[in-house]
$ cat work_19.cif   # mmCIF, C-alpha atoms
data_coords
#
loop_
_atom_site.group_PDB
_atom_site.id
_atom_site.type_symbol
_atom_site.label_atom_id
_atom_site.label_comp_id
_atom_site.auth_asym_id
_atom_site.auth_seq_id
_atom_site.Cartn_x
_atom_site.Cartn_y
_atom_site.Cartn_z
ATOM 1 C CA MET H 1 92.874 21.115 54.776
ATOM 2 C CA GLU H 2 89.956 23.469 54.303
ATOM 3 C CA ALA H 3 88.683 22.571 57.761
ATOM 4 C CA LYS H 4 92.139 23.265 59.201
ATOM 5 C CA ASP H 5 92.253 26.583 57.338
ATOM 6 C CA LYS H 6 88.816 27.513 58.710
ATOM 7 C CA ASN H 7 89.991 26.641 62.210
ATOM 8 C CA ASN H 8 93.049 28.845 61.758
ATOM 9 C CA GLN H 9 90.826 31.729 60.635
ATOM 10 C CA GLU H 10 88.724 31.307 63.787
ATOM 11 C CA VAL H 11 91.882 31.398 65.897
ATOM 12 C CA PHE H 12 92.947 34.617 64.123
ATOM 13 C CA ALA H 13 89.567 36.171 64.923
ATOM 14 C CA LYS H 14 89.896 35.189 68.589
ATOM 15 C CA HIS H 15 93.380 36.724 68.779
ATOM 16 C CA ASP H 16 92.123 39.919 67.126
ATOM 17 C CA LEU H 17 89.462 40.192 69.833
ATOM 18 C CA ARG H 18 92.082 39.770 72.532
ATOM 19 C CA ALA H 19 94.314 42.332 70.829
ATOM 20 C CA ASP H 20 91.442 44.844 70.951
ATOM 21 C CA THR H 21 91.036 44.162 74.656
ATOM 22 C CA LEU H 22 94.740 44.748 75.204
ATOM 23 C CA LYS H 23 94.538 48.027 73.290
ATOM 24 C CA ARG H 24 91.722 49.231 75.564
ATOM 25 C CA ILE H 25 93.722 48.263 78.643
ATOM 26 C CA SER H 26 96.734 50.063 77.234
ATOM 27 C CA LYS H 27 94.734 53.282 76.830
ATOM 28 C CA LYS H 28 93.578 53.052 80.444
ATOM 29 C CA VAL H 29 97.160 52.539 81.576
ATOM 30 C CA VAL H 30 98.284 55.665 79.703
ATOM 31 C CA VAL H 31 95.558 57.719 81.399
ATOM 32 C CA GLU H 32 96.483 56.369 84.830
ATOM 33 C CA THR H 33 100.171 57.031 84.184
ATOM 34 C CA LYS H 34 99.444 60.673 83.404
ATOM 35 C CA LYS H 35 97.460 60.946 86.645
ATOM 36 C CA MET H 36 100.354 59.462 88.605
ATOM 37 C CA LYS H 37 102.828 61.901 87.090
ATOM 38 C CA ASN H 38 100.668 64.766 88.328
ATOM 39 C CA ILE H 39 100.457 63.283 91.838
ATOM 40 C CA ALA H 40 104.210 62.756 92.276
ATOM 41 C CA VAL H 41 106.013 65.462 94.258
ATOM 42 C CA PRO H 42 109.685 66.115 93.439
ATOM 43 C CA VAL H 43 111.974 66.234 96.493
ATOM 44 C CA ASN H 44 115.526 67.556 96.376
ATOM 45 C CA SER H 45 118.209 65.285 97.705
ATOM 46 C CA LEU H 46 119.898 66.423 100.895
ATOM 47 C CA PHE H 47 123.243 65.374 99.471
ATOM 48 C CA GLY H 48 122.891 67.190 96.156
ATOM 49 C CA GLY H 49 122.365 64.043 94.111
ATOM 50 C CA GLU H 50 119.506 63.014 91.910
ATOM 51 C CA GLU H 51 116.038 64.345 92.698
ATOM 52 C CA TYR H 52 113.587 61.984 94.424
ATOM 53 C CA ILE H 53 109.855 61.585 93.920
ATOM 54 C CA LYS H 54 107.525 61.442 96.893
ATOM 55 C CA VAL H 55 104.152 59.706 96.541
ATOM 56 C CA LYS H 56 101.482 58.505 98.926
ATOM 57 C CA LYS H 57 101.450 54.779 99.678
ATOM 58 C CA SER H 58 98.044 54.384 97.986
ATOM 59 C CA ASP H 59 99.398 56.109 94.868
ATOM 60 C CA TRP H 60 102.482 53.890 94.955
ATOM 61 C CA ASN H 61 100.218 50.837 94.989
ATOM 62 C CA LYS H 62 98.386 52.197 91.939
ATOM 63 C CA ILE H 63 101.703 52.722 90.176
ATOM 64 C CA MET H 64 102.736 49.152 90.908
ATOM 65 C CA ASP H 65 99.375 47.824 89.677
ATOM 66 C CA ILE H 66 99.818 49.740 86.436
ATOM 67 C CA PHE H 67 103.370 48.458 86.091
ATOM 68 C CA ASN H 68 102.194 44.870 86.555
ATOM 69 C CA LYS H 69 99.479 45.346 83.927
ATOM 70 C CA VAL H 70 102.004 46.699 81.458
ATOM 71 C CA VAL H 71 104.428 43.845 82.046
ATOM 72 C CA SER H 72 101.692 41.240 81.652
ATOM 73 C CA ARG H 73 100.339 43.021 78.562
ATOM 74 C CA ASN H 74 103.760 43.037 76.935
ATOM 75 C CA HIS H 75 104.207 39.356 77.727
ATOM 76 C CA LEU H 76 100.800 38.544 76.222
ATOM 77 C CA LEU H 77 101.538 40.601 73.125
ATOM 78 C CA GLU H 78 104.776 38.746 72.513
ATOM 79 C CA THR H 79 103.049 35.407 73.037
ATOM 80 C CA TYR H 80 100.256 36.318 70.610
ATOM 81 C CA LYS H 81 102.679 37.677 68.031
ATOM 82 C CA LYS H 82 104.505 34.344 68.028
ATOM 83 C CA LYS H 83 101.261 32.350 67.814
ATOM 84 C CA ILE H 84 99.881 34.517 65.033
ATOM 85 C CA PHE H 85 103.117 34.240 63.068
ATOM 86 C CA CYS H 86 103.027 30.441 63.331
ATOM 87 C CA LEU H 87 99.344 30.306 62.398
ATOM 88 C CA LYS H 88 99.849 32.590 59.394
ATOM 89 C CA LYS H 89 102.693 30.386 58.189
ATOM 90 C CA GLU H 90 100.585 27.271 58.675
ATOM 91 C CA THR H 91 97.647 28.878 56.835
ATOM 92 C CA THR H 92 99.901 29.873 53.952
ATOM 93 C CA ASP H 93 101.338 26.367 53.751
ATOM 94 C CA LEU H 94 97.874 24.801 53.836
ATOM 95 C CA THR H 95 96.594 27.196 51.181
ATOM 96 C CA GLU H 96 99.518 26.336 48.927
ATOM 97 C CA GLN H 97 98.914 22.608 49.457
ATOM 98 C CA ALA H 98 95.193 23.031 48.720
ATOM 99 C CA GLU H 99 95.997 24.869 45.487
ATOM 100 C CA LYS H 100 98.382 22.112 44.416
ATOM 101 C CA LEU H 101 95.762 19.469 45.103
ATOM 102 C CA LYS H 102 93.116 21.353 43.091
#

$ encode --input "work_19.cif" --output "structure tokens"
Amino acid sequence: MEAKDKNNQEVFAKHDLRADTLKRISKKVVVETKKMKNIAVPVNSLFGGEEYIKVKKSDWNKIMDIFNKVVSRNHLLETYKKKIFCLKKETTDLTEQAEKLK
């Protein structure tokens, strides 16, 4: 049980490292998003409807890259949250069992 608990602690450490990486990526995405907002040019609709945004094709590609990073980051975060929750529960259970055996 102690070996299993040690393994779980190592897994936690690995997930913490990945979480830090995701935080750094998130900060970069925020910076890029601000840049994109400054690049976008509002265009009035000819029919009086909602305003449109005009961007260069290269800027549009950057926007889509950022969007894809955010979607994948959110998916990874949810996956890691679930794994961490399960590992914490397992660690708690193993700790309780180890205490009972002592």

$ atom_distance --input "work_19.cif" --atom1 "atom CA of Leu76 of chain H" --atom2 "atom CA of Ala3 of chain H"
27.3 Å

$ resolve_selection --input "work_19.cif" --expression "the PyMOL selection byres ((chain H and resi 62) around 12)" --output "VMD selection string"
chain H and resid 29 32 to 33 35 to 37 39 55 to 61 63 to 69

$ resolve_selection --input "work_19.cif" --expression "the PyMOL selection byres ((chain H and resi 89-96) around 12)" --output "PyMOL selection string"
chain H and resi 1-12+82-88+97-102

$ atom_distance --input "work_19.cif" --atom1 "atom CA of Arg73 of chain H" --atom2 "atom CA of Ala19 of chain H"
9.8 Å

$ atom_distance --input "work_19.cif" --atom1 "atom CA of Lys23 of chain H" --atom2 "atom CA of Ser72 of chain H"
12.9 Å

$ build_atoms --input "work_19.cif" --residues "segment 47-80 of chain H" --atoms "N, CA and C atoms" --output "PDB file, in the coordinates of the input"
ATOM      1  N   PHE H  47     121.821  65.487  99.784  1.00  0.00           N
ATOM      2  CA  PHE H  47     123.243  65.374  99.471  1.00  0.00           C
ATOM      3  C   PHE H  47     123.577  65.905  98.086  1.00  0.00           C
ATOM      4  N   GLY H  48     122.632  66.575  97.448  1.00  0.00           N
ATOM      5  CA  GLY H  48     122.891  67.190  96.156  1.00  0.00           C
ATOM      6  C   GLY H  48     122.890  66.221  94.988  1.00  0.00           C
ATOM      7  N   GLY H  49     122.403  65.032  95.185  1.00  0.00           N
ATOM      8  CA  GLY H  49     122.365  64.043  94.111  1.00  0.00           C
ATOM      9  C   GLY H  49     121.097  64.167  93.285  1.00  0.00           C
ATOM     10  N   GLU H  50     120.700  63.077  92.757  1.00  0.00           N
ATOM     11  CA  GLU H  50     119.506  63.014  91.910  1.00  0.00           C
ATOM     12  C   GLU H  50     118.241  63.340  92.708  1.00  0.00           C
ATOM     13  N   GLU H  51     117.302  63.981  92.064  1.00  0.00           N
ATOM     14  CA  GLU H  51     116.038  64.345  92.698  1.00  0.00           C
ATOM     15  C   GLU H  51     115.195  63.092  92.966  1.00  0.00           C
ATOM     16  N   TYR H  52     114.465  63.087  94.063  1.00  0.00           N
ATOM     17  CA  TYR H  52     113.587  61.984  94.424  1.00  0.00           C
ATOM     18  C   TYR H  52     112.140  62.374  94.148  1.00  0.00           C
ATOM     19  N   ILE H  53     111.288  61.364  94.086  1.00  0.00           N
ATOM     20  CA  ILE H  53     109.855  61.585  93.920  1.00  0.00           C
ATOM     21  C   ILE H  53     109.147  61.043  95.148  1.00  0.00           C
ATOM     22  N   LYS H  54     108.277  61.853  95.712  1.00  0.00           N
ATOM     23  CA  LYS H  54     107.525  61.442  96.893  1.00  0.00           C
ATOM     24  C   LYS H  54     106.071  61.217  96.487  1.00  0.00           C
ATOM     25  N   VAL H  55     105.553  60.034  96.834  1.00  0.00           N
ATOM     26  CA  VAL H  55     104.152  59.706  96.541  1.00  0.00           C
ATOM     27  C   VAL H  55     103.521  59.057  97.765  1.00  0.00           C
ATOM     28  N   LYS H  56     102.207  59.167  97.847  1.00  0.00           N
ATOM     29  CA  LYS H  56     101.482  58.505  98.926  1.00  0.00           C
ATOM     30  C   LYS H  56     101.532  56.989  98.693  1.00  0.00           C
ATOM     31  N   LYS H  57     101.407  56.250  99.768  1.00  0.00           N
ATOM     32  CA  LYS H  57     101.450  54.779  99.678  1.00  0.00           C
ATOM     33  C   LYS H  57     100.345  54.269  98.756  1.00  0.00           C
ATOM     34  N   SER H  58      99.147  54.831  98.843  1.00  0.00           N
ATOM     35  CA  SER H  58      98.044  54.384  97.986  1.00  0.00           C
ATOM     36  C   SER H  58      98.360  54.653  96.514  1.00  0.00           C
ATOM     37  N   ASP H  59      99.010  55.799  96.245  1.00  0.00           N
ATOM     38  CA  ASP H  59      99.398  56.109  94.868  1.00  0.00           C
ATOM     39  C   ASP H  59     100.503  55.170  94.390  1.00  0.00           C
ATOM     40  N   TRP H  60     101.416  54.837  95.299  1.00  0.00           N
ATOM     41  CA  TRP H  60     102.482  53.890  94.955  1.00  0.00           C
ATOM     42  C   TRP H  60     101.887  52.537  94.571  1.00  0.00           C
ATOM     43  N   ASN H  61     100.877  52.106  95.307  1.00  0.00           N
ATOM     44  CA  ASN H  61     100.218  50.837  94.989  1.00  0.00           C
ATOM     45  C   ASN H  61      99.566  50.886  93.607  1.00  0.00           C
ATOM     46  N   LYS H  62      98.969  52.031  93.272  1.00  0.00           N
ATOM     47  CA  LYS H  62      98.386  52.197  91.939  1.00  0.00           C
ATOM     48  C   LYS H  62      99.469  52.112  90.870  1.00  0.00           C
ATOM     49  N   ILE H  63     100.588  52.752  91.130  1.00  0.00           N
ATOM     50  CA  ILE H  63     101.703  52.722  90.176  1.00  0.00           C
ATOM     51  C   ILE H  63     102.171  51.286  89.953  1.00  0.00           C
ATOM     52  N   MET H  64     102.292  50.533  91.035  1.00  0.00           N
ATOM     53  CA  MET H  64     102.736  49.152  90.908  1.00  0.00           C
ATOM     54  C   MET H  64     101.706  48.299  90.175  1.00  0.00           C
ATOM     55  N   ASP H  65     100.417  48.551  90.407  1.00  0.00           N
ATOM     56  CA  ASP H  65      99.375  47.824  89.677  1.00  0.00           C
ATOM     57  C   ASP H  65      99.478  48.101  88.184  1.00  0.00           C
ATOM     58  N   ILE H  66      99.683  49.364  87.845  1.00  0.00           N
ATOM     59  CA  ILE H  66      99.818  49.740  86.436  1.00  0.00           C
ATOM     60  C   ILE H  66     101.048  49.069  85.836  1.00  0.00           C
ATOM     61  N   PHE H  67     102.140  49.089  86.570  1.00  0.00           N
ATOM     62  CA  PHE H  67     103.370  48.458  86.091  1.00  0.00           C
ATOM     63  C   PHE H  67     103.141  46.975  85.820  1.00  0.00           C
ATOM     64  N   ASN H  68     102.470  46.304  86.730  1.00  0.00           N
ATOM     65  CA  ASN H  68     102.194  44.870  86.555  1.00  0.00           C
ATOM     66  C   ASN H  68     101.320  44.617  85.334  1.00  0.00           C
ATOM     67  N   LYS H  69     100.328  45.492  85.113  1.00  0.00           N
ATOM     68  CA  LYS H  69      99.479  45.346  83.927  1.00  0.00           C
ATOM     69  C   LYS H  69     100.292  45.504  82.655  1.00  0.00           C
ATOM     70  N   VAL H  70     101.182  46.468  82.652  1.00  0.00           N
ATOM     71  CA  VAL H  70     102.004  46.699  81.458  1.00  0.00           C
ATOM     72  C   VAL H  70     102.913  45.510  81.186  1.00  0.00           C
ATOM     73  N   VAL H  71     103.538  44.991  82.219  1.00  0.00           N
ATOM     74  CA  VAL H  71     104.428  43.845  82.046  1.00  0.00           C
ATOM     75  C   VAL H  71     103.646  42.644  81.521  1.00  0.00           C
ATOM     76  N   SER H  72     102.476  42.387  82.111  1.00  0.00           N
ATOM     77  CA  SER H  72     101.692  41.240  81.652  1.00  0.00           C
ATOM     78  C   SER H  72     101.174  41.471  80.232  1.00  0.00           C
ATOM     79  N   ARG H  73     100.807  42.699  79.917  1.00  0.00           N
ATOM     80  CA  ARG H  73     100.339  43.021  78.562  1.00  0.00           C
ATOM     81  C   ARG H  73     101.441  42.782  77.541  1.00  0.00           C
ATOM     82  N   ASN H  74     102.634  43.242  77.860  1.00  0.00           N
ATOM     83  CA  ASN H  74     103.760  43.037  76.935  1.00  0.00           C
ATOM     84  C   ASN H  74     104.065  41.555  76.742  1.00  0.00           C
ATOM     85  N   HIS H  75     103.976  40.800  77.824  1.00  0.00           N
ATOM     86  CA  HIS H  75     104.207  39.356  77.727  1.00  0.00           C
ATOM     87  C   HIS H  75     103.144  38.709  76.839  1.00  0.00           C
ATOM     88  N   LEU H  76     101.877  39.089  77.047  1.00  0.00           N
ATOM     89  CA  LEU H  76     100.800  38.544  76.222  1.00  0.00           C
ATOM     90  C   LEU H  76     100.971  38.924  74.754  1.00  0.00           C
ATOM     91  N   LEU H  77     101.342  40.166  74.513  1.00  0.00           N
ATOM     92  CA  LEU H  77     101.538  40.601  73.125  1.00  0.00           C
ATOM     93  C   LEU H  77     102.612  39.778  72.430  1.00  0.00           C
ATOM     94  N   GLU H  78     103.707  39.550  73.107  1.00  0.00           N
ATOM     95  CA  GLU H  78     104.776  38.746  72.513  1.00  0.00           C
ATOM     96  C   GLU H  78     104.303  37.321  72.250  1.00  0.00           C
ATOM     97  N   THR H  79     103.575  36.758  73.201  1.00  0.00           N
ATOM     98  CA  THR H  79     103.049  35.407  73.037  1.00  0.00           C
ATOM     99  C   THR H  79     102.118  35.340  71.836  1.00  0.00           C
ATOM    100  N   TYR H  80     101.201  36.309  71.728  1.00  0.00           N
ATOM    101  CA  TYR H  80     100.256  36.318  70.610  1.00  0.00           C
ATOM    102  C   TYR H  80     100.937  36.576  69.282  1.00  0.00           C
TER     103      TYR H  80
END
